[in-house]
Structures are given as structure tokens and as C-alpha cells.
>>> print(open('structure36.cif').read())   # mmCIF, N, CA and C atoms
data_structure
loop_
_atom_site.label_atom_id
_atom_site.label_comp_id
_atom_site.auth_asym_id
_atom_site.auth_seq_id
_atom_site.Cartn_x
_atom_site.Cartn_y
_atom_site.Cartn_z
N MET A 1 0.85 -1.18 0.00
CA MET A 1 0.00 0.00 0.00
C MET A 1 0.89 1.24 0.00
N PHE A 2 0.43 2.31 -0.61
CA PHE A 2 1.18 3.55 -0.66
C PHE A 2 1.10 4.26 0.69
N PRO A 3 2.17 4.95 1.11
CA PRO A 3 2.17 5.60 2.43
C PRO A 3 1.01 6.55 2.66
N VAL A 4 0.63 7.34 1.66
CA VAL A 4 -0.47 8.28 1.86
C VAL A 4 -1.78 7.54 2.12
N PHE A 5 -2.00 6.44 1.43
CA PHE A 5 -3.21 5.66 1.65
C PHE A 5 -3.20 4.97 3.00
N GLU A 6 -2.02 4.54 3.44
CA GLU A 6 -1.92 3.93 4.77
C GLU A 6 -2.33 4.93 5.84
N ARG A 7 -1.91 6.17 5.67
CA ARG A 7 -2.30 7.20 6.65
C ARG A 7 -3.80 7.42 6.64
N LEU A 8 -4.42 7.47 5.47
CA LEU A 8 -5.86 7.67 5.38
C LEU A 8 -6.63 6.48 5.94
N TYR A 9 -6.10 5.28 5.74
CA TYR A 9 -6.80 4.08 6.20
C TYR A 9 -6.63 3.87 7.70
N PHE A 10 -5.45 4.12 8.25
CA PHE A 10 -5.18 3.68 9.61
C PHE A 10 -4.98 4.79 10.64
N GLN A 11 -4.48 5.93 10.24
CA GLN A 11 -4.17 6.99 11.21
C GLN A 11 -5.38 7.48 12.00
N PRO A 12 -6.52 7.79 11.36
CA PRO A 12 -7.66 8.28 12.15
C PRO A 12 -8.12 7.28 13.21
N VAL A 13 -8.03 5.99 12.90
CA VAL A 13 -8.42 4.97 13.88
C VAL A 13 -7.51 5.03 15.09
N HIS A 14 -6.23 5.19 14.87
CA HIS A 14 -5.29 5.29 15.99
C HIS A 14 -5.55 6.54 16.82
N LEU A 15 -5.93 7.63 16.17
CA LEU A 15 -6.24 8.85 16.91
C LEU A 15 -7.47 8.66 17.79
N VAL A 16 -8.48 7.97 17.27
CA VAL A 16 -9.67 7.69 18.07
C VAL A 16 -9.30 6.83 19.27
N GLU A 17 -8.49 5.82 19.05
CA GLU A 17 -8.07 4.96 20.17
C GLU A 17 -7.24 5.75 21.18
N LYS A 18 -6.39 6.62 20.69
CA LYS A 18 -5.50 7.37 21.58
C LYS A 18 -6.24 8.43 22.39
N TYR A 19 -7.10 9.21 21.75
CA TYR A 19 -7.71 10.36 22.42
C TYR A 19 -9.12 10.11 22.95
N GLN A 20 -9.86 9.19 22.34
CA GLN A 20 -11.22 8.91 22.80
C GLN A 20 -11.31 7.60 23.58
N PHE A 21 -10.21 6.86 23.59
CA PHE A 21 -10.14 5.58 24.31
C PHE A 21 -11.19 4.59 23.81
N ILE A 22 -11.46 4.62 22.52
CA ILE A 22 -12.42 3.70 21.91
C ILE A 22 -11.62 2.71 21.07
N LYS A 23 -11.71 1.46 21.42
CA LYS A 23 -10.99 0.41 20.68
C LYS A 23 -11.82 -0.01 19.47
N ARG A 24 -11.15 -0.18 18.35
CA ARG A 24 -11.85 -0.61 17.15
C ARG A 24 -12.13 -2.11 17.23
N PRO A 25 -13.16 -2.58 16.57
CA PRO A 25 -13.47 -4.02 16.57
C PRO A 25 -12.35 -4.81 15.90
N GLU A 26 -12.17 -6.04 16.33
CA GLU A 26 -11.17 -6.91 15.72
C GLU A 26 -11.48 -7.12 14.24
N GLY A 27 -10.45 -7.19 13.43
CA GLY A 27 -10.61 -7.47 12.02
C GLY A 27 -11.06 -6.29 11.19
N THR A 28 -11.06 -5.10 11.77
CA THR A 28 -11.48 -3.91 11.02
C THR A 28 -10.37 -3.52 10.05
N VAL A 29 -10.73 -3.45 8.80
CA VAL A 29 -9.78 -3.05 7.77
C VAL A 29 -10.53 -2.15 6.80
N GLY A 30 -9.87 -1.11 6.35
CA GLY A 30 -10.50 -0.27 5.36
C GLY A 30 -10.55 1.18 5.77
N PRO A 31 -11.21 1.96 4.95
CA PRO A 31 -11.25 3.40 5.18
C PRO A 31 -12.30 3.79 6.23
N ASP A 32 -12.09 3.35 7.46
CA ASP A 32 -13.04 3.64 8.53
C ASP A 32 -13.20 5.13 8.77
N TRP A 33 -12.18 5.90 8.47
CA TRP A 33 -12.26 7.34 8.67
C TRP A 33 -13.43 7.93 7.90
N ALA A 34 -13.78 7.33 6.78
CA ALA A 34 -14.84 7.89 5.94
C ALA A 34 -16.22 7.74 6.57
N THR A 35 -16.36 6.89 7.57
CA THR A 35 -17.65 6.71 8.22
C THR A 35 -17.90 7.76 9.29
N LYS A 36 -16.90 8.53 9.64
CA LYS A 36 -17.05 9.57 10.66
C LYS A 36 -17.05 10.93 9.96
N ILE A 37 -18.20 11.55 9.92
CA ILE A 37 -18.34 12.83 9.22
C ILE A 37 -17.37 13.88 9.77
N HIS A 38 -17.06 13.78 11.05
CA HIS A 38 -16.18 14.76 11.68
C HIS A 38 -14.78 14.74 11.08
N ILE A 39 -14.31 13.56 10.75
CA ILE A 39 -12.96 13.43 10.19
C ILE A 39 -12.99 13.70 8.70
N ALA A 40 -14.01 13.17 8.02
CA ALA A 40 -14.04 13.25 6.56
C ALA A 40 -14.35 14.64 6.03
N THR A 41 -15.32 15.34 6.66
CA THR A 41 -15.74 16.61 6.07
C THR A 41 -15.73 17.79 7.03
N TYR A 42 -15.72 17.54 8.33
CA TYR A 42 -15.73 18.62 9.32
C TYR A 42 -14.64 18.39 10.36
N PRO A 43 -13.39 18.54 10.01
CA PRO A 43 -12.30 18.14 10.90
C PRO A 43 -12.20 18.93 12.21
N VAL A 44 -12.82 20.07 12.32
CA VAL A 44 -12.74 20.83 13.58
C VAL A 44 -14.09 20.88 14.30
N TYR A 45 -14.97 19.94 14.01
CA TYR A 45 -16.32 19.97 14.58
C TYR A 45 -16.35 19.61 16.05
N TYR A 46 -15.41 18.84 16.54
CA TYR A 46 -15.45 18.40 17.94
C TYR A 46 -15.44 19.57 18.92
N GLN A 47 -14.87 20.70 18.55
CA GLN A 47 -14.90 21.86 19.43
C GLN A 47 -16.33 22.28 19.73
N ASN A 48 -17.23 22.11 18.79
CA ASN A 48 -18.63 22.47 19.01
C ASN A 48 -19.25 21.64 20.13
N TYR A 49 -18.89 20.38 20.20
CA TYR A 49 -19.39 19.54 21.29
C TYR A 49 -18.90 20.06 22.63
N GLN A 50 -17.65 20.45 22.71
CA GLN A 50 -17.12 20.95 23.97
C GLN A 50 -17.77 22.28 24.35
N LEU A 51 -17.96 23.16 23.39
CA LEU A 51 -18.66 24.41 23.68
C LEU A 51 -20.07 24.14 24.19
N GLY A 52 -20.73 23.15 23.61
CA GLY A 52 -22.07 22.78 24.06
C GLY A 52 -22.08 22.26 25.49
N GLU A 53 -21.09 21.47 25.85
CA GLU A 53 -20.99 20.95 27.21
C GLU A 53 -20.71 22.07 28.21
N ILE A 54 -19.86 23.00 27.82
CA ILE A 54 -19.55 24.14 28.70
C ILE A 54 -20.81 24.98 28.89
N PHE A 55 -21.53 25.24 27.81
CA PHE A 55 -22.77 26.00 27.88
C PHE A 55 -23.81 25.29 28.74
N ALA A 56 -23.95 23.98 28.57
CA ALA A 56 -24.92 23.21 29.35
C ALA A 56 -24.61 23.29 30.84
N SER A 57 -23.35 23.21 31.20
CA SER A 57 -22.98 23.32 32.62
C SER A 57 -23.30 24.70 33.17
N GLN A 58 -23.07 25.72 32.37
CA GLN A 58 -23.36 27.08 32.81
C GLN A 58 -24.86 27.29 32.99
N VAL A 59 -25.66 26.80 32.06
CA VAL A 59 -27.12 26.93 32.17
C VAL A 59 -27.62 26.12 33.36
N LYS A 60 -27.12 24.90 33.52
CA LYS A 60 -27.55 24.06 34.65
C LYS A 60 -27.25 24.76 35.97
N ASN A 61 -26.09 25.33 36.09
CA ASN A 61 -25.72 26.04 37.32
C ASN A 61 -26.65 27.21 37.56
N TYR A 62 -26.92 27.99 36.53
CA TYR A 62 -27.78 29.17 36.68
C TYR A 62 -29.20 28.77 37.08
N VAL A 63 -29.76 27.80 36.39
CA VAL A 63 -31.12 27.37 36.69
C VAL A 63 -31.18 26.72 38.07
N ALA A 64 -30.16 25.97 38.44
CA ALA A 64 -30.14 25.34 39.76
C ALA A 64 -30.12 26.39 40.86
N GLN A 65 -29.41 27.48 40.66
CA GLN A 65 -29.38 28.56 41.66
C GLN A 65 -30.77 29.18 41.82
N ILE A 66 -31.50 29.30 40.73
CA ILE A 66 -32.82 29.91 40.79
C ILE A 66 -33.84 29.00 41.48
N PHE A 67 -33.86 27.72 41.11
CA PHE A 67 -34.92 26.83 41.56
C PHE A 67 -34.53 25.91 42.71
N TYR A 68 -33.25 25.72 42.94
CA TYR A 68 -32.83 24.76 43.97
C TYR A 68 -31.91 25.37 45.03
N LYS A 69 -31.62 26.62 44.91
CA LYS A 69 -30.80 27.40 45.85
C LYS A 69 -29.53 26.67 46.32
N ASP A 70 -29.56 25.93 47.42
CA ASP A 70 -28.37 25.33 48.01
C ASP A 70 -28.20 23.85 47.71
N ALA A 71 -28.86 23.35 46.71
CA ALA A 71 -28.81 21.92 46.41
C ALA A 71 -27.44 21.51 45.88
N ASN A 72 -27.10 20.26 46.09
CA ASN A 72 -25.89 19.69 45.52
C ASN A 72 -26.09 19.57 44.01
N MET A 73 -25.21 20.17 43.24
CA MET A 73 -25.36 20.20 41.78
C MET A 73 -25.42 18.80 41.17
N LYS A 74 -24.76 17.83 41.77
CA LYS A 74 -24.77 16.48 41.22
C LYS A 74 -26.12 15.81 41.38
N GLU A 75 -26.95 16.32 42.28
CA GLU A 75 -28.26 15.73 42.54
C GLU A 75 -29.41 16.50 41.88
N VAL A 76 -29.12 17.62 41.27
CA VAL A 76 -30.16 18.47 40.69
C VAL A 76 -30.65 17.89 39.37
N THR A 77 -31.97 17.76 39.26
CA THR A 77 -32.62 17.43 38.00
C THR A 77 -33.74 18.45 37.82
N PHE A 78 -34.21 18.59 36.62
CA PHE A 78 -35.21 19.61 36.36
C PHE A 78 -36.55 19.02 35.92
N TRP A 79 -36.70 17.75 35.98
CA TRP A 79 -37.93 17.12 35.49
C TRP A 79 -39.16 17.57 36.27
N ASP A 80 -38.96 17.98 37.50
CA ASP A 80 -40.09 18.39 38.33
C ASP A 80 -40.29 19.90 38.38
N LYS A 81 -39.59 20.62 37.55
CA LYS A 81 -39.67 22.08 37.57
C LYS A 81 -40.08 22.61 36.20
N GLY A 82 -41.37 22.81 36.01
CA GLY A 82 -41.85 23.38 34.76
C GLY A 82 -41.29 24.76 34.51
N GLU A 83 -40.98 25.46 35.59
CA GLU A 83 -40.42 26.81 35.46
C GLU A 83 -39.06 26.78 34.76
N ALA A 84 -38.33 25.68 34.94
CA ALA A 84 -37.03 25.56 34.27
C ALA A 84 -37.23 25.49 32.76
N GLY A 85 -38.23 24.74 32.33
CA GLY A 85 -38.53 24.68 30.90
C GLY A 85 -38.98 26.02 30.36
N ASP A 86 -39.77 26.73 31.16
CA ASP A 86 -40.20 28.07 30.74
C ASP A 86 -38.99 29.00 30.57
N TYR A 87 -38.06 28.90 31.51
CA TYR A 87 -36.83 29.70 31.43
C TYR A 87 -36.08 29.37 30.14
N LEU A 88 -35.89 28.08 29.85
CA LEU A 88 -35.16 27.70 28.64
C LEU A 88 -35.84 28.24 27.38
N LYS A 89 -37.15 28.12 27.33
CA LYS A 89 -37.89 28.63 26.16
C LYS A 89 -37.71 30.14 26.03
N LYS A 90 -37.92 30.86 27.13
CA LYS A 90 -37.90 32.32 27.07
C LYS A 90 -36.50 32.88 26.84
N GLN A 91 -35.53 32.37 27.58
CA GLN A 91 -34.19 32.96 27.56
C GLN A 91 -33.24 32.38 26.50
N ILE A 92 -33.47 31.15 26.09
CA ILE A 92 -32.51 30.51 25.18
C ILE A 92 -33.11 30.25 23.80
N TYR A 93 -34.32 29.69 23.74
CA TYR A 93 -34.89 29.33 22.44
C TYR A 93 -35.61 30.48 21.74
N PHE A 94 -36.44 31.21 22.45
CA PHE A 94 -37.21 32.28 21.81
C PHE A 94 -36.37 33.37 21.16
N PRO A 95 -35.25 33.77 21.76
CA PRO A 95 -34.46 34.84 21.11
C PRO A 95 -33.95 34.48 19.72
N GLY A 96 -33.83 33.18 19.43
CA GLY A 96 -33.34 32.78 18.11
C GLY A 96 -31.99 33.40 17.81
N LYS A 97 -31.89 34.05 16.64
CA LYS A 97 -30.63 34.67 16.25
C LYS A 97 -30.65 36.19 16.42
N LYS A 98 -31.52 36.67 17.30
CA LYS A 98 -31.58 38.12 17.53
C LYS A 98 -30.29 38.64 18.13
N LEU A 99 -29.64 37.81 18.93
CA LEU A 99 -28.39 38.20 19.58
C LEU A 99 -27.25 37.33 19.09
N GLU A 100 -26.05 37.87 19.11
CA GLU A 100 -24.85 37.08 18.87
C GLU A 100 -24.79 36.04 19.98
N TRP A 101 -24.27 34.84 19.70
CA TRP A 101 -24.38 33.71 20.63
C TRP A 101 -23.87 34.02 22.03
N ASN A 102 -22.74 34.70 22.16
CA ASN A 102 -22.20 34.97 23.49
C ASN A 102 -23.02 36.03 24.22
N GLU A 103 -23.64 36.95 23.48
CA GLU A 103 -24.55 37.92 24.09
C GLU A 103 -25.82 37.22 24.60
N MET A 104 -26.30 36.24 23.84
CA MET A 104 -27.46 35.47 24.30
C MET A 104 -27.14 34.74 25.59
N ILE A 105 -25.95 34.17 25.69
CA ILE A 105 -25.54 33.47 26.91
C ILE A 105 -25.49 34.44 28.08
N LYS A 106 -24.97 35.64 27.85
CA LYS A 106 -24.92 36.63 28.92
C LYS A 106 -26.33 37.05 29.34
N GLU A 107 -27.20 37.25 28.38
CA GLU A 107 -28.58 37.61 28.70
C GLU A 107 -29.27 36.50 29.49
N ALA A 108 -28.97 35.26 29.15
CA ALA A 108 -29.65 34.12 29.76
C ALA A 108 -29.09 33.74 31.12
N THR A 109 -27.78 33.94 31.34
CA THR A 109 -27.15 33.46 32.57
C THR A 109 -26.47 34.56 33.39
N GLY A 110 -26.38 35.75 32.82
CA GLY A 110 -25.71 36.84 33.54
C GLY A 110 -24.22 36.92 33.29
N GLU A 111 -23.67 35.97 32.53
CA GLU A 111 -22.24 35.95 32.24
C GLU A 111 -22.02 35.50 30.80
N TYR A 112 -20.90 35.95 30.23
CA TYR A 112 -20.49 35.39 28.95
C TYR A 112 -20.08 33.93 29.20
N LEU A 113 -19.94 33.17 28.12
CA LEU A 113 -19.58 31.76 28.25
C LEU A 113 -18.30 31.63 29.08
N THR A 114 -18.36 30.76 30.08
CA THR A 114 -17.21 30.51 30.93
C THR A 114 -17.14 29.02 31.24
N ALA A 115 -15.95 28.50 31.35
CA ALA A 115 -15.76 27.08 31.64
C ALA A 115 -15.79 26.77 33.14
N LYS A 116 -15.92 27.78 33.99
CA LYS A 116 -15.79 27.52 35.43
C LYS A 116 -16.87 26.57 35.95
N TYR A 117 -18.07 26.59 35.41
CA TYR A 117 -19.13 25.70 35.88
C TYR A 117 -18.91 24.28 35.37
N PHE A 118 -18.36 24.15 34.20
CA PHE A 118 -17.98 22.84 33.67
C PHE A 118 -16.92 22.22 34.57
N VAL A 119 -15.93 23.02 34.93
CA VAL A 119 -14.86 22.54 35.81
C VAL A 119 -15.43 22.13 37.16
N GLU A 120 -16.30 22.96 37.72
CA GLU A 120 -16.92 22.63 39.01
C GLU A 120 -17.73 21.34 38.91
N GLN A 121 -18.40 21.15 37.80
CA GLN A 121 -19.27 19.98 37.65
C GLN A 121 -18.48 18.70 37.43
N TYR A 122 -17.39 18.75 36.65
CA TYR A 122 -16.71 17.53 36.26
C TYR A 122 -15.32 17.34 36.83
N VAL A 123 -14.67 18.41 37.26
CA VAL A 123 -13.30 18.27 37.73
C VAL A 123 -13.23 18.25 39.24
N ASN A 124 -13.97 19.11 39.89
CA ASN A 124 -13.89 19.18 41.36
C ASN A 124 -14.65 18.05 42.01
#
>>> encode(input="structure36.cif", output="C-alpha cells")
Amino acid sequence: MFPVFERLYFQPVHLVEKYQFIKRPEGTVGPDWATKIHIATYPVYYQNYQLGEIFASQVKNYVAQIFYKDANMKEVTFWDKGEAGDYLKKQIYFPGKKLEWNEMIKEATGEYLTAKYFVEQYVN
């Protein structure tokens, strides 16, 4: 096989195993990279997932402060709080594209996007 083709066939699989800790099935051969849209056509898309997780932690923290005051963040769920859904609709969904994304986050949570709530939720 030519070196460039070897890289296309095998390198992305090794990166997945190295950074995502996902082992490929035994006997896998071929252009597996082509089955992952992120590698084939959107190589920098994974950052969007991380931004989404950071945003979710920030929103969860903000809503938990409003409806649960001193609750342990690991135990907070919103299934029993219709007001939380109303907040999401009013502050996050209804504005649509009226505001630039980081301005919408500030309007909705009182702060621009910050990773501190993600760190508190998953690192501490």
C-alpha cells in the first residue's frame, strides 16, 4: 500500500483509540475514517461539542441557583420544575438569532460563556 493511503486508512483509527479511548473491533480493515463525518468533512467539529458541554454546565448552574438554591449540583434534575422549561424557552430558544451567541448566553445566565461551571461539575 502507498504511504499516503496507509495514513488515510489507519491513522484516524489510531487517533480515536489514543484520544477517545475507543478500541476498534477486531478485524477492522478499510477506510473507517470515511464513516465519521467529523474526520471526513468537518475536521474541527469536535470543538462544538465541547462548547455545548460548557454552555450546558453554565445553564444548569444558573437554573439550579434559581430553583434549587443550596442543592448539591450532582443531585439536581429539572424534570419536576416546569419553570425551568419556561426559562429555557424564554431565555434561550425564543431569542433565536436576535443576539450574537455569546450575548445570548450573557442575557440568559448573567455571564459570557465561561468554563468555570464545567470545571466545578466535572473536575472538582
>>> closest_residue(input="structure36.cif", among="A:Lys18, A:Thr77, A:Gly27, A:Thr114", to="A:Gln58", atoms="all atoms listed in the file")
A:Thr114
>>> atom_distance(input="structure36.cif", atom1="atom N of A:Ile92", atom2="atom N of A:Leu113")
13.8 Å
>>> atom_distance(input="structure36.cif", atom1="atom N of A:Asp86", atom2="atom CA of A:Asn72")
21.2 Å
>>> atom_distance(input="structure36.cif", atom1="atom CA of A:Glu17", atom2="atom N of A:Val44")
17.7 Å
>>> residues_around(input="structure36.cif", residues="A:Ser57", least_positions_apart="6", cutoff="9 Å", atoms="only C-alpha atoms", output="ChimeraX atom specification")
/A:115-121
>>> closest_residue(input="structure36.cif", among="A:Ala64, A:Leu51, A:Tyr42, A:Val16", to="A:Val76", atoms="only N, CA and C atoms")
A:Ala64
>>> select_by_dssp(input="structure36.cif", residues="stretch 23-116 of chain A", states="alpha helix (DSSP H)", output="ChimeraX atom specification")
/A:37-40,46-68,82-87,101-109,116
